[in-house]
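With PDB, C-alpha atoms and all ligand atoms inside, this is data.pdb:
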```
ATOM      1  CA  MET F   1     121.653 116.883 101.921
ATOM      2  CA  VAL F   2     118.225 115.417 102.692
ATOM      3  CA  LEU F   3     118.907 114.939 106.401
ATOM      4  CA  VAL F   4     118.332 117.895 108.744
ATOM      5  CA  VAL F   5     120.614 117.557 111.766
ATOM      6  CA  SER F   6     119.874 120.129 114.470
ATOM      7  CA  GLU F   7     122.657 122.542 115.312
ATOM      8  CA  GLU F   8     123.035 121.161 118.824
ATOM      9  CA  VAL F   9     123.276 117.573 117.603
ATOM     10  CA  ARG F  10     125.712 118.574 114.844
ATOM     11  CA  GLU F  11     127.955 120.259 117.420
ATOM     12  CA  VAL F  12     128.108 117.277 119.791
ATOM     13  CA  LEU F  13     128.711 114.900 116.895
ATOM     14  CA  ASP F  14     131.573 117.031 115.608
ATOM     15  CA  ALA F  15     133.061 117.213 119.108
ATOM     16  CA  ARG F  16     132.520 113.432 119.574
ATOM     17  CA  ARG F  17     130.487 114.105 122.700
ATOM     18  CA  PRO F  18     127.659 111.801 123.922
ATOM     19  CA  VAL F  19     124.408 111.843 121.963
ATOM     20  CA  VAL F  20     121.403 109.487 122.093
ATOM     21  CA  ALA F  21     118.868 108.914 119.325
ATOM     22  CA  LEU F  22     115.203 108.613 120.358
ATOM     23  CA  GLU F  23     112.362 107.333 118.203
ATOM     24  CA  SER F  24     109.088 109.144 117.562
ATOM     25  CA  THR F  25     106.601 106.344 116.826
ATOM     26  CA  ILE F  26     106.364 105.638 120.515
ATOM     27  CA  ILE F  27     105.315 109.295 120.962
ATOM     28  CA  ALA F  28     102.882 109.547 118.046
ATOM     29  CA  HIS F  29     101.430 106.010 118.019
ATOM     30  CA  GLY F  30     102.616 104.184 121.136
ATOM     31  CA  LEU F  31     101.369 106.443 123.929
ATOM     32  CA  PRO F  32      98.033 108.156 124.588
ATOM     33  CA  ARG F  33      97.643 111.948 124.361
ATOM     34  CA  PRO F  34      98.314 114.256 126.165
ATOM     35  CA  ARG F  35     100.705 112.095 128.164
ATOM     36  CA  ASN F  36     102.814 111.473 125.058
ATOM     37  CA  LEU F  37     104.188 115.009 124.765
ATOM     38  CA  LYS F  38     105.087 115.095 128.447
ATOM     39  CA  VAL F  39     106.900 111.802 128.051
ATOM     40  CA  ALA F  40     108.761 112.998 124.958
ATOM     41  CA  LEU F  41     110.016 116.053 126.845
ATOM     42  CA  GLU F  42     110.824 114.012 129.941
ATOM     43  CA  LEU F  43     112.871 111.473 127.978
ATOM     44  CA  GLU F  44     114.957 114.264 126.466
ATOM     45  CA  GLU F  45     115.478 115.603 129.978
ATOM     46  CA  VAL F  46     116.650 112.190 131.225
ATOM     47  CA  VAL F  47     119.304 112.156 128.487
ATOM     48  CA  ARG F  48     120.465 115.665 129.412
ATOM     49  CA  ARG F  49     120.647 114.865 133.123
ATOM     50  CA  GLU F  50     123.163 112.156 132.233
ATOM     51  CA  GLY F  51     125.277 114.683 130.342
ATOM     52  CA  ALA F  52     124.306 113.607 126.821
ATOM     53  CA  VAL F  53     122.327 115.357 124.082
ATOM     54  CA  PRO F  54     119.010 113.869 122.877
ATOM     55  CA  ALA F  55     118.374 113.485 119.150
ATOM     56  CA  THR F  56     114.712 112.664 118.660
ATOM     57  CA  ILE F  57     114.100 111.628 115.064
ATOM     58  CA  ALA F  58     111.038 112.212 112.859
ATOM     59  CA  VAL F  59     110.122 113.266 109.313
ATOM     60  CA  LEU F  60     108.570 116.741 109.093
ATOM     61  CA  ASP F  61     107.130 117.927 105.767
ATOM     62  CA  GLY F  62     109.225 115.386 103.922
ATOM     63  CA  ARG F  63     112.473 116.228 105.696
ATOM     64  CA  PRO F  64     114.064 113.681 108.042
ATOM     65  CA  HIS F  65     115.088 115.521 111.225
ATOM     66  CA  VAL F  66     117.717 114.344 113.703
ATOM     67  CA  GLY F  67     117.170 116.464 116.815
ATOM     68  CA  LEU F  68     113.848 118.254 117.321
ATOM     69  CA  ASP F  69     113.054 121.506 119.091
ATOM     70  CA  LYS F  70     110.020 121.826 121.361
ATOM     71  CA  LYS F  71     107.667 123.012 118.601
ATOM     72  CA  GLN F  72     108.693 120.113 116.401
ATOM     73  CA  LEU F  73     108.181 117.630 119.246
ATOM     74  CA  GLU F  74     104.714 119.114 119.767
ATOM     75  CA  ARG F  75     103.877 118.456 116.128
ATOM     76  CA  VAL F  76     104.907 114.810 116.460
ATOM     77  CA  ALA F  77     102.825 114.404 119.622
ATOM     78  CA  ASN F  78      99.706 116.288 118.572
ATOM     79  CA  GLU F  79      99.365 116.457 114.807
ATOM     80  CA  ASP F  80      96.362 114.502 113.550
ATOM     81  CA  GLY F  81      96.979 111.942 110.871
ATOM     82  CA  ILE F  82     100.715 111.750 111.472
ATOM     83  CA  ARG F  83     101.992 108.688 109.653
ATOM     84  CA  LYS F  84     103.987 105.779 111.012
ATOM     85  CA  LEU F  85     107.157 105.376 108.944
ATOM     86  CA  GLY F  86     109.304 102.271 108.780
ATOM     87  CA  HIS F  87     112.587 102.506 106.908
ATOM     88  CA  ARG F  88     110.994 101.452 103.618
ATOM     89  CA  ASP F  89     108.628 104.416 103.851
ATOM     90  CA  LEU F  90     111.369 107.037 104.113
ATOM     91  CA  PRO F  91     111.933 107.713 100.386
ATOM     92  CA  LEU F  92     108.178 107.827  99.812
ATOM     93  CA  ALA F  93     107.690 110.241 102.704
ATOM     94  CA  VAL F  94     110.551 112.460 101.566
ATOM     95  CA  ALA F  95     109.361 112.633  97.970
ATOM     96  CA  SER F  96     105.758 113.294  99.071
ATOM     97  CA  GLY F  97     106.547 115.939 101.676
ATOM     98  CA  VAL F  98     104.805 113.881 104.342
ATOM     99  CA  THR F  99     105.050 114.277 108.138
ATOM    100  CA  GLY F 100     105.521 111.047 110.047
ATOM    101  CA  ALA F 101     106.893 109.396 113.140
ATOM    102  CA  THR F 102     109.752 106.944 112.695
ATOM    103  CA  THR F 103     109.724 103.373 113.999
ATOM    104  CA  VAL F 104     112.809 101.629 115.319
ATOM    105  CA  SER F 105     113.836 100.653 111.791
ATOM    106  CA  ALA F 106     113.539 104.163 110.333
ATOM    107  CA  THR F 107     115.037 105.805 113.426
ATOM    108  CA  ALA F 108     118.015 103.442 113.485
ATOM    109  CA  LEU F 109     118.697 104.072 109.805
ATOM    110  CA  LEU F 110     118.492 107.862 110.097
ATOM    111  CA  ALA F 111     120.550 107.887 113.309
ATOM    112  CA  ALA F 112     123.276 105.811 111.661
ATOM    113  CA  LEU F 113     123.266 108.071 108.595
ATOM    114  CA  ALA F 114     123.737 111.084 110.879
ATOM    115  CA  GLY F 115     126.548 109.355 112.788
ATOM    116  CA  VAL F 116     124.641 108.717 116.032
ATOM    117  CA  ARG F 117     125.714 105.337 117.432
ATOM    118  CA  VAL F 118     123.465 104.832 120.476
ATOM    119  CA  PHE F 119     119.662 104.654 120.349
ATOM    120  CA  ALA F 120     117.090 104.092 123.094
ATOM    121  CA  THR F 121     113.538 102.826 122.687
ATOM    122  CA  GLY F 122     110.885 100.851 124.593
ATOM    123  CA  GLY F 123     110.612  97.470 122.941
ATOM    124  CA  LEU F 124     111.677  96.357 119.483
ATOM    125  CA  GLY F 125     109.243  95.119 116.905
ATOM    126  CA  GLY F 126     109.561  91.446 115.992
ATOM    127  CA  VAL F 127     107.756  88.323 114.889
ATOM    128  CA  HIS F 128     104.009  88.462 115.524
ATOM    129  CA  ARG F 129     102.283  85.468 117.064
ATOM    130  CA  GLU F 130     100.212  84.551 114.035
ATOM    131  CA  TRP F 131     103.261  84.758 111.789
ATOM    132  CA  THR F 132     102.553  81.483 109.979
ATOM    133  CA  VAL F 133      99.355  83.043 108.625
ATOM    134  CA  SER F 134     100.214  86.741 108.364
ATOM    135  CA  GLN F 135     103.999  86.655 107.792
ATOM    136  CA  ASP F 136     104.052  89.743 110.020
ATOM    137  CA  GLU F 137     107.623  90.313 111.122
ATOM    138  CA  SER F 138     108.645  93.856 111.962
ATOM    139  CA  ALA F 139     111.103  95.463 109.572
ATOM    140  CA  ASP F 140     113.045  96.404 112.721
ATOM    141  CA  LEU F 141     114.814  93.035 112.666
ATOM    142  CA  GLY F 142     116.050  93.082 109.087
ATOM    143  CA  LEU F 143     117.223  96.668 109.352
ATOM    144  CA  LEU F 144     119.151  95.968 112.565
ATOM    145  CA  ALA F 145     120.966  93.162 110.756
ATOM    146  CA  ARG F 146     122.322  95.796 108.352
ATOM    147  CA  THR F 147     122.902  98.836 110.543
ATOM    148  CA  ARG F 148     125.785  99.561 112.904
ATOM    149  CA  ILE F 149     123.968 100.955 115.896
ATOM    150  CA  THR F 150     123.529 100.067 119.563
ATOM    151  CA  VAL F 151     119.876  99.801 120.567
ATOM    152  CA  VAL F 152     118.918  99.845 124.222
ATOM    153  CA  CYS F 153     115.467  98.297 124.684
ATOM    154  CA  ALA F 154     113.452  96.283 127.202
ATOM    155  CA  GLY F 155     113.479  93.326 124.847
ATOM    156  CA  VAL F 156     110.756  92.999 122.254
ATOM    157  CA  LYS F 157     107.144  93.848 122.891
ATOM    158  CA  SER F 158     105.463  91.009 124.768
ATOM    159  CA  ILE F 159     102.562  91.139 122.324
ATOM    160  CA  LEU F 160     104.941  89.319 119.959
ATOM    161  CA  ASP F 161     106.193  85.760 119.643
ATOM    162  CA  VAL F 162     109.293  86.276 121.764
ATOM    163  CA  PRO F 163     111.147  82.982 121.138
ATOM    164  CA  ALA F 164     110.528  83.272 117.384
ATOM    165  CA  THR F 165     111.879  86.827 117.471
ATOM    166  CA  LEU F 166     114.985  85.716 119.372
ATOM    167  CA  GLN F 167     115.485  82.990 116.785
ATOM    168  CA  ARG F 168     115.177  85.485 113.926
ATOM    169  CA  LEU F 169     117.757  87.754 115.575
ATOM    170  CA  GLU F 170     120.104  84.778 115.769
ATOM    171  CA  THR F 171     119.516  83.845 112.132
ATOM    172  CA  LEU F 172     120.006  87.441 111.014
ATOM    173  CA  GLY F 173     123.248  87.692 112.965
ATOM    174  CA  VAL F 174     122.244  90.481 115.344
ATOM    175  CA  ALA F 175     124.174  90.539 118.637
ATOM    176  CA  VAL F 176     121.993  90.430 121.768
ATOM    177  CA  ALA F 177     123.145  90.906 125.367
ATOM    178  CA  GLY F 178     121.191  91.191 128.592
ATOM    179  CA  TYR F 179     122.126  94.175 130.712
ATOM    180  CA  GLY F 180     122.900  92.872 134.192
ATOM    181  CA  THR F 181     120.836  89.750 133.510
ATOM    182  CA  ASP F 182     121.013  86.428 131.701
ATOM    183  CA  ARG F 183     117.255  86.533 131.082
ATOM    184  CA  PHE F 184     115.755  88.219 128.026
ATOM    185  CA  PRO F 185     113.465  90.990 129.321
ATOM    186  CA  GLY F 186     109.742  90.900 128.482
ATOM    187  CA  PHE F 187     109.050  94.597 127.824
ATOM    188  CA  TYR F 188     106.256  95.129 130.428
ATOM    189  CA  LEU F 189     107.813  92.258 132.402
ATOM    190  CA  SER F 190     111.357  91.980 133.749
ATOM    191  CA  ASP F 191     111.733  88.474 132.365
ATOM    192  CA  SER F 192     110.246  87.113 129.138
ATOM    193  CA  GLY F 193     110.877  83.556 130.306
ATOM    194  CA  HIS F 194     113.690  83.100 127.790
ATOM    195  CA  PRO F 195     117.447  83.215 128.378
ATOM    196  CA  VAL F 196     120.119  85.296 126.612
ATOM    197  CA  ASP F 197     123.604  83.969 125.922
ATOM    198  CA  TRP F 198     125.505  87.097 126.942
ATOM    199  CA  THR F 199     125.409  89.473 129.869
ATOM    200  CA  LEU F 200     127.009  92.921 130.048
ATOM    201  CA  GLU F 201     127.391  94.557 133.426
ATOM    202  CA  SER F 202     128.313  98.192 132.752
ATOM    203  CA  PRO F 203     128.194 100.936 130.111
ATOM    204  CA  GLU F 204     131.964 100.551 129.708
ATOM    205  CA  ARG F 205     131.570  96.864 128.866
ATOM    206  CA  VAL F 206     128.938  97.747 126.261
ATOM    207  CA  ALA F 207     131.286 100.309 124.725
ATOM    208  CA  GLU F 208     134.035  97.680 124.574
ATOM    209  CA  VAL F 209     131.727  95.395 122.593
ATOM    210  CA  MET F 210     130.955  98.277 120.208
ATOM    211  CA  ARG F 211     134.676  98.842 119.683
ATOM    212  CA  ALA F 212     135.160  95.119 119.078
ATOM    213  CA  GLN F 213     132.355  95.162 116.492
ATOM    214  CA  ASP F 214     134.178  97.899 114.581
ATOM    215  CA  ALA F 215     137.604  96.328 115.006
ATOM    216  CA  LEU F 216     136.404  92.974 113.670
ATOM    217  CA  GLY F 217     134.706  94.367 110.594
ATOM    218  CA  GLY F 218     132.151  91.945 109.205
ATOM    219  CA  PRO F 219     128.531  92.789 108.430
ATOM    220  CA  GLU F 220     127.475  96.211 109.715
ATOM    221  CA  SER F 221     124.951  94.816 112.182
ATOM    222  CA  ALA F 222     123.542  96.230 115.398
ATOM    223  CA  LEU F 223     124.112  95.449 119.060
ATOM    224  CA  ILE F 224     120.959  94.984 121.116
ATOM    225  CA  VAL F 225     121.313  95.782 124.798
ATOM    226  CA  ALA F 226     118.289  94.248 126.493
ATOM    227  CA  ASN F 227     117.632  96.149 129.700
ATOM    228  CA  PRO F 228     114.873  94.813 131.980
ATOM    229  CA  VAL F 229     112.298  97.018 133.656
ATOM    230  CA  PRO F 230     112.927  96.818 137.438
ATOM    231  CA  GLU F 231     110.800  94.099 139.019
ATOM    232  CA  GLU F 232     109.032  96.606 141.325
ATOM    233  CA  GLU F 233     107.858  98.511 138.255
ATOM    234  CA  GLN F 234     106.828  95.650 136.001
ATOM    235  CA  LEU F 235     103.233  94.894 135.060
ATOM    236  CA  ASP F 236     101.676  92.168 137.206
ATOM    237  CA  PRO F 237     102.437  88.989 135.181
ATOM    238  CA  GLY F 238      98.995  87.471 135.813
ATOM    239  CA  LEU F 239      97.195  90.615 134.661
ATOM    240  CA  HIS F 240      99.549  90.826 131.677
ATOM    241  CA  ALA F 241      98.770  87.278 130.535
ATOM    242  CA  ARG F 242      95.016  87.765 130.909
ATOM    243  CA  VAL F 243      94.690  91.100 129.162
ATOM    244  CA  LEU F 244      97.125  90.179 126.406
ATOM    245  CA  ALA F 245      95.044  87.118 125.511
ATOM    246  CA  ASP F 246      91.947  89.352 125.258
ATOM    247  CA  ALA F 247      93.881  91.920 123.205
ATOM    248  CA  LEU F 248      95.054  89.337 120.683
ATOM    249  CA  ARG F 249      91.502  88.032 120.342
ATOM    250  CA  ALA F 250      90.112  91.555 119.838
ATOM    251  CA  CYS F 251      92.759  92.271 117.239
ATOM    252  CA  GLU F 252      91.732  89.228 115.257
ATOM    253  CA  GLU F 253      88.001  89.826 115.650
ATOM    254  CA  GLU F 254      88.306  93.423 114.484
ATOM    255  CA  GLY F 255      90.465  92.396 111.540
ATOM    256  CA  VAL F 256      93.324  94.741 112.424
ATOM    257  CA  THR F 257      96.369  94.123 110.201
ATOM    258  CA  GLY F 258      99.716  95.562 109.107
ATOM    259  CA  GLN F 259     101.061  98.716 110.704
ATOM    260  CA  ALA F 260      97.942  99.092 112.832
ATOM    261  CA  VAL F 261      98.515  95.882 114.811
ATOM    262  CA  THR F 262     101.164  97.147 117.242
ATOM    263  CA  PRO F 263      99.406 100.431 118.176
ATOM    264  CA  PHE F 264      96.098  98.553 118.542
ATOM    265  CA  LEU F 265      97.533  96.025 120.992
ATOM    266  CA  LEU F 266      99.456  98.630 123.012
ATOM    267  CA  ASP F 267      96.361 100.790 123.300
ATOM    268  CA  TYR F 268      94.186  97.807 124.274
ATOM    269  CA  LEU F 269      96.575  96.974 127.103
ATOM    270  CA  VAL F 270      96.564 100.541 128.414
ATOM    271  CA  ARG F 271      92.766 100.670 128.460
ATOM    272  CA  HIS F 272      92.260  97.255 130.038
ATOM    273  CA  THR F 273      94.916  97.430 132.745
ATOM    274  CA  ASP F 274      93.729 100.753 134.099
ATOM    275  CA  GLY F 275      96.944 102.371 132.895
ATOM    276  CA  ALA F 276      99.208  99.862 134.636
ATOM    277  CA  SER F 277     100.712  98.766 131.315
ATOM    278  CA  LEU F 278     101.437 102.412 130.550
ATOM    279  CA  SER F 279     103.310 102.825 133.846
ATOM    280  CA  ALA F 280     105.388  99.722 133.146
ATOM    281  CA  ASN F 281     106.015 100.839 129.568
ATOM    282  CA  LEU F 282     107.189 104.255 130.744
ATOM    283  CA  ALA F 283     109.395 102.783 133.475
ATOM    284  CA  ALA F 284     111.036 100.571 130.864
ATOM    285  CA  VAL F 285     111.601 103.422 128.405
ATOM    286  CA  ARG F 286     112.982 105.748 131.081
ATOM    287  CA  GLY F 287     115.442 103.093 132.240
ATOM    288  CA  ASN F 288     116.516 102.453 128.652
ATOM    289  CA  VAL F 289     117.039 106.124 127.905
ATOM    290  CA  ARG F 290     119.138 106.584 131.046
ATOM    291  CA  LEU F 291     121.280 103.559 130.229
ATOM    292  CA  ALA F 292     121.689 104.655 126.601
ATOM    293  CA  ALA F 293     122.964 108.048 127.794
ATOM    294  CA  ARG F 294     125.528 106.314 130.001
ATOM    295  CA  ILE F 295     126.593 104.024 127.145
ATOM    296  CA  SER F 296     126.955 107.019 124.825
ATOM    297  CA  ALA F 297     129.225 108.631 127.433
ATOM    298  CA  ALA F 298     131.346 105.481 127.706
ATOM    299  CA  TRP F 299     131.452 105.290 123.911
ATOM    300  CA  ALA F 300     132.575 108.918 123.675
ATOM    301  CA  GLY F 301     135.181 108.213 126.344
ATOM    302  CA  VAL F 302     133.917 110.766 128.870
TER     303      VAL F 302
HETATM  304  N1  LIG F 401     108.155 100.297 121.586
HETATM  305  C1  LIG F 401     107.233 100.917 122.362
HETATM  306  N2  LIG F 401     106.170 101.506 121.756
HETATM  307  C2  LIG F 401     106.052 101.540 120.388
HETATM  308  C3  LIG F 401     107.051 100.909 119.570
HETATM  309  C4  LIG F 401     108.071 100.306 120.226
HETATM  310  O1  LIG F 401     107.369 100.915 123.594
HETATM  311  O2  LIG F 401     105.102 102.126 119.877
HETATM  312  C5  LIG F 401     107.005 100.996 118.056
HETATM  313  C6  LIG F 401     108.447 101.065 117.552
HETATM  314  O3  LIG F 401     108.555 102.233 116.779
HETATM  315  C7  LIG F 401     108.640  99.833 116.726
HETATM  316  C8  LIG F 401     107.252  99.671 116.184
HETATM  317  O4  LIG F 401     109.605  99.996 115.725
HETATM  318  O5  LIG F 401     106.432  99.904 117.333
HETATM  319  C9  LIG F 401     107.053  98.312 115.562
HETATM  320  O6  LIG F 401     105.938  98.369 114.733
HETATM  321  P1  LIG F 401     105.665  97.184 113.699
HETATM  322  O7  LIG F 401     105.365  95.994 114.558
HETATM  323  O8  LIG F 401     104.489  97.667 112.878
HETATM  324  O9  LIG F 401     106.914  97.032 112.875
HETATM  325 MN    MN F 402     104.203  94.531 111.353
END
```
Turn the structure described in the file into structure tokens.
Amino acid sequence: MVLVVSEEVREVLDARRPVVALESTIIAHGLPRPRNLKVALELEEVVRREGAVPATIAVLDGRPHVGLDKKQLERVANEDGIRKLGHRDLPLAVASGVTGATTVSATALLAALAGVRVFATGGLGGVHREWTVSQDESADLGLLARTRITVVCAGVKSILDVPATLQRLETLGVAVAGYGTDRFPGFYLSDSGHPVDWTLESPERVAEVMRAQDALGGPESALIVANPVPEEEQLDPGLHARVLADALRACEEEGVTGQAVTPFLLDYLVRHTDGASLSANLAAVRGNVRLAARISAAWAGV
């Protein structure tokens, strides 16, 4: 067995108790040090407070881990040169003995392989704004079209082309519902300016949709639960628009491409909003993790 499932996670899975998968790219590449380790520990604590067990996922020395202890989390947060692994990178990382953080696509795949059904993150990857030139669409979307998992997120990162991403999710057949809203959230912002077709009002309703997915059969696709950051905690929309425009320009001028694009833009926003984008990002992630824990409880029937 290639997958290393921690003893605690194995026990809750066997007992069909609530468990929530957490990604590690946000820790290694999405948040500045030393705040990132604190956040990683805090997010696990949020899951526990809701009565669920956290399963943070990463690849350590070529072994995919589901459930990390404190030392392992510290490695993800602090190790220099830690790689960013999408799902296509997993076999290469395993065979090369590499240590890397997993993106939404790699985390969702490993969580599903381990039998974890609910996953919380910040914002999904998606279609980048200059897609017609770069063809840059996150592998998150394609993987979620083929993986039976529930992802709680604050929409897709606002650095992306949001309507194009929503269209791709429709084309790929991935279910999307707003949580308590008929507006698609905008990651740092409560509202991306685009609607969603479905609204779910409680963790129990989300669990019912998950049961319906399984009962219907069909392609093993994901369910995206789009949970907005509370309006009081969102980034000021004017500031967001201004700094994002600068960030996109800087990205182009500096010739940043591929995997480096998302971390570059996130970091630019943190530095040029005096940390306000970081606060909004963290508020969104915290809310998502809490909701995911509640959904995992409803799913487990507790
Ligand atoms: N959400 C965040 N911060 C992040 C990411 C998401 O709040 O750093 C990461 C996720 O791991 C997502 C990845 O899968 O960015 C997308 O990267 P790319 O655009 O290179 O596929
Ligand atoms: Mn990309």
Centre and edge lengths of an axis-aligned box around all listed atoms of ligand LIG 401 (chain F), with 4 Å added on each side, are to be given in Å to one decimal, as JSON.
```
{"center_x": 107.0, "center_y": 99.1, "center_z": 118.2, "size_x": 13.1, "size_y": 14.2, "size_z": 18.7}
```
Would you pick out the contacts of range 186-197 of chain F at 9 Å or less, using all atoms listed in the file, so that residues sharing its chain but fewer than 6 positions from it are not included, and give the list as an MDAnalysis selection string? chainID F and resid 122:124 153:158 162:163 166 176:178 227:231 233:237 240 277:281 283:284
Surroundings of ligand MN 402 (chain F) up to 12 Å, based on only C-alpha atoms and all ligand atoms, as a ChimeraX atom specification: /F:84-86,103-105,124-131,134-141,157,159-160,256-265
Residues as selected, C-alpha atoms, written as a PDB file, in the frame of the given file, can you do that?
```
ATOM      1  CA  LYS F  84     103.987 105.779 111.012  1.00  0.00           C
ATOM      2  CA  LEU F  85     107.157 105.376 108.944  1.00  0.00           C
ATOM      3  CA  GLY F  86     109.304 102.271 108.780  1.00  0.00           C
ATOM      4  CA  THR F 103     109.724 103.373 113.999  1.00  0.00           C
ATOM      5  CA  VAL F 104     112.809 101.629 115.319  1.00  0.00           C
ATOM      6  CA  SER F 105     113.836 100.653 111.791  1.00  0.00           C
ATOM      7  CA  LEU F 124     111.677  96.357 119.483  1.00  0.00           C
ATOM      8  CA  GLY F 125     109.243  95.119 116.905  1.00  0.00           C
ATOM      9  CA  GLY F 126     109.561  91.446 115.992  1.00  0.00           C
ATOM     10  CA  VAL F 127     107.756  88.323 114.889  1.00  0.00           C
ATOM     11  CA  HIS F 128     104.009  88.462 115.524  1.00  0.00           C
ATOM     12  CA  ARG F 129     102.283  85.468 117.064  1.00  0.00           C
ATOM     13  CA  GLU F 130     100.212  84.551 114.035  1.00  0.00           C
ATOM     14  CA  TRP F 131     103.261  84.758 111.789  1.00  0.00           C
ATOM     15  CA  SER F 134     100.214  86.741 108.364  1.00  0.00           C
ATOM     16  CA  GLN F 135     103.999  86.655 107.792  1.00  0.00           C
ATOM     17  CA  ASP F 136     104.052  89.743 110.020  1.00  0.00           C
ATOM     18  CA  GLU F 137     107.623  90.313 111.122  1.00  0.00           C
ATOM     19  CA  SER F 138     108.645  93.856 111.962  1.00  0.00           C
ATOM     20  CA  ALA F 139     111.103  95.463 109.572  1.00  0.00           C
ATOM     21  CA  ASP F 140     113.045  96.404 112.721  1.00  0.00           C
ATOM     22  CA  LEU F 141     114.814  93.035 112.666  1.00  0.00           C
ATOM     23  CA  LYS F 157     107.144  93.848 122.891  1.00  0.00           C
ATOM     24  CA  ILE F 159     102.562  91.139 122.324  1.00  0.00           C
ATOM     25  CA  LEU F 160     104.941  89.319 119.959  1.00  0.00           C
ATOM     26  CA  VAL F 256      93.324  94.741 112.424  1.00  0.00           C
ATOM     27  CA  THR F 257      96.369  94.123 110.201  1.00  0.00           C
ATOM     28  CA  GLY F 258      99.716  95.562 109.107  1.00  0.00           C
ATOM     29  CA  GLN F 259     101.061  98.716 110.704  1.00  0.00           C
ATOM     30  CA  ALA F 260      97.942  99.092 112.832  1.00  0.00           C
ATOM     31  CA  VAL F 261      98.515  95.882 114.811  1.00  0.00           C
ATOM     32  CA  THR F 262     101.164  97.147 117.242  1.00  0.00           C
ATOM     33  CA  PRO F 263      99.406 100.431 118.176  1.00  0.00           C
ATOM     34  CA  PHE F 264      96.098  98.553 118.542  1.00  0.00           C
ATOM     35  CA  LEU F 265      97.533  96.025 120.992  1.00  0.00           C
TER      36      LEU F 265
END
```
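Of the residues listed (F:Ile82, F:Leu13, F:Leu31, F:Ala276), F:Leu31 shows the shortest atom-to-atom separation from ligand LIG 401 (chain F); distances use all atoms listed in the file.
With CA of Leu244 in chain F on one side and CA of Gly287 in chain F on the other, the separation reads 23.2 Å.
Between ligand LIG 401 (chain F) and the residues F:Leu3, F:Ala245, F:Leu143, F:Val174, the shortest atom-to-atom distance, using only C-alpha atoms and all ligand atoms, involves F:Leu143.
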Do you know which residues the PyMOL selection byres (((chain F and resi 111) around 9) and not hetatm) returns on this file, as a list in words? Val20, Ala21, Leu22, Ala55, Ile57, Val66, Ala106, Thr107, Ala108, Leu109, Leu110, Ala112, Leu113, Ala114, Gly115, Val116, Arg117, Val118, Phe119 and Ile149 of chain F
Put those residues in a file: C-alpha atoms, as a short mmCIF file (atom, residue, chain, number, x, y, z; two decimals), in the coordinates of the input.
```
data_model
loop_
_atom_site.label_atom_id
_atom_site.label_comp_id
_atom_site.auth_asym_id
_atom_site.auth_seq_id
_atom_site.Cartn_x
_atom_site.Cartn_y
_atom_site.Cartn_z
CA VAL F 20 121.40 109.49 122.09
CA ALA F 21 118.87 108.91 119.32
CA LEU F 22 115.20 108.61 120.36
CA ALA F 55 118.37 113.48 119.15
CA ILE F 57 114.10 111.63 115.06
CA VAL F 66 117.72 114.34 113.70
CA ALA F 106 113.54 104.16 110.33
CA THR F 107 115.04 105.80 113.43
CA ALA F 108 118.02 103.44 113.48
CA LEU F 109 118.70 104.07 109.80
CA LEU F 110 118.49 107.86 110.10
CA ALA F 112 123.28 105.81 111.66
CA LEU F 113 123.27 108.07 108.60
CA ALA F 114 123.74 111.08 110.88
CA GLY F 115 126.55 109.36 112.79
CA VAL F 116 124.64 108.72 116.03
CA ARG F 117 125.71 105.34 117.43
CA VAL F 118 123.46 104.83 120.48
CA PHE F 119 119.66 104.65 120.35
CA ILE F 149 123.97 100.96 115.90
#
```
Nearby residues (only C-alpha atoms) at most 7 Å from Gly67 in chain F, same-chain spacing under 6 positions excluded, as a PyMOL selection string: chain F and resi 5-6+9+54-57
Just the selected residues (C-alpha atoms), exported as a short mmCIF file (atom, residue, chain, number, x, y, z; two decimals), in the coordinates of the input, please.
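Saved file selection-v1.cif follows:
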```cif
data_model
loop_
_atom_site.label_atom_id
_atom_site.label_comp_id
_atom_site.auth_asym_id
_atom_site.auth_seq_id
_atom_site.Cartn_x
_atom_site.Cartn_y
_atom_site.Cartn_z
CA VAL F 5 120.61 117.56 111.77
CA SER F 6 119.87 120.13 114.47
CA VAL F 9 123.28 117.57 117.60
CA PRO F 54 119.01 113.87 122.88
CA ALA F 55 118.37 113.48 119.15
CA THR F 56 114.71 112.66 118.66
CA ILE F 57 114.10 111.63 115.06
#
```
CA of Arg83 in chain F to CA of Ala40 in chain F, straight-line distance in Å: 17.3 Å
Taking only C-alpha atoms and all ligand atoms into account, which of F:Arg211, F:Arg249, F:His87, F:Arg17 comes nearest ligand LIG 401 (chain F)? F:His87
Counting only C-alpha atoms and all ligand atoms, which of F:Arg88, F:Arg10, F:Arg148, F:Arg168 gets nearest to ligand LIG 401 (chain F)? F:Arg88
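As for CA of Gln213 in chain F and CA of Gln167 in chain F, they are spaced 20.8 Å apart.
The shortest atom-to-atom distance to ligand LIG 401 (chain F), with all atoms listed in the file taken into account, belongs to F:Gly142 out of F:Gly51, F:Gly142, F:Gly301, F:Pro18.
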Fewer than 2 positions away in the same chain doesn't count, so skip those; otherwise give me all residues within 12 Å of Trp299 in chain F, counting all atoms listed in the file, as a ChimeraX atom specification. /F:16-20,52,116-118,149-150,202-212,292-297,301-302
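Each of F:Asp89, F:Asp61, F:Glu74, F:Glu254 was compared to ligand LIG 401 (chain F) using all atoms listed in the file, and F:Asp89 turns out to be the nearest.
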Excluding Ala95 in chain F and any residue of its chain fewer than 6 positions from it, enumerate the residues within 12 Å of it, using only C-alpha atoms, and give them as a ChimeraX atom specification. /F:2,59-64,89
Selection near Pro32 in chain F, 10 Å with all atoms listed in the file, sequence-local residues under 5 positions removed, as JSON, numbers by chain: {"F": [26, 27, 37, 77, 266, 267, 270, 271, 278]}
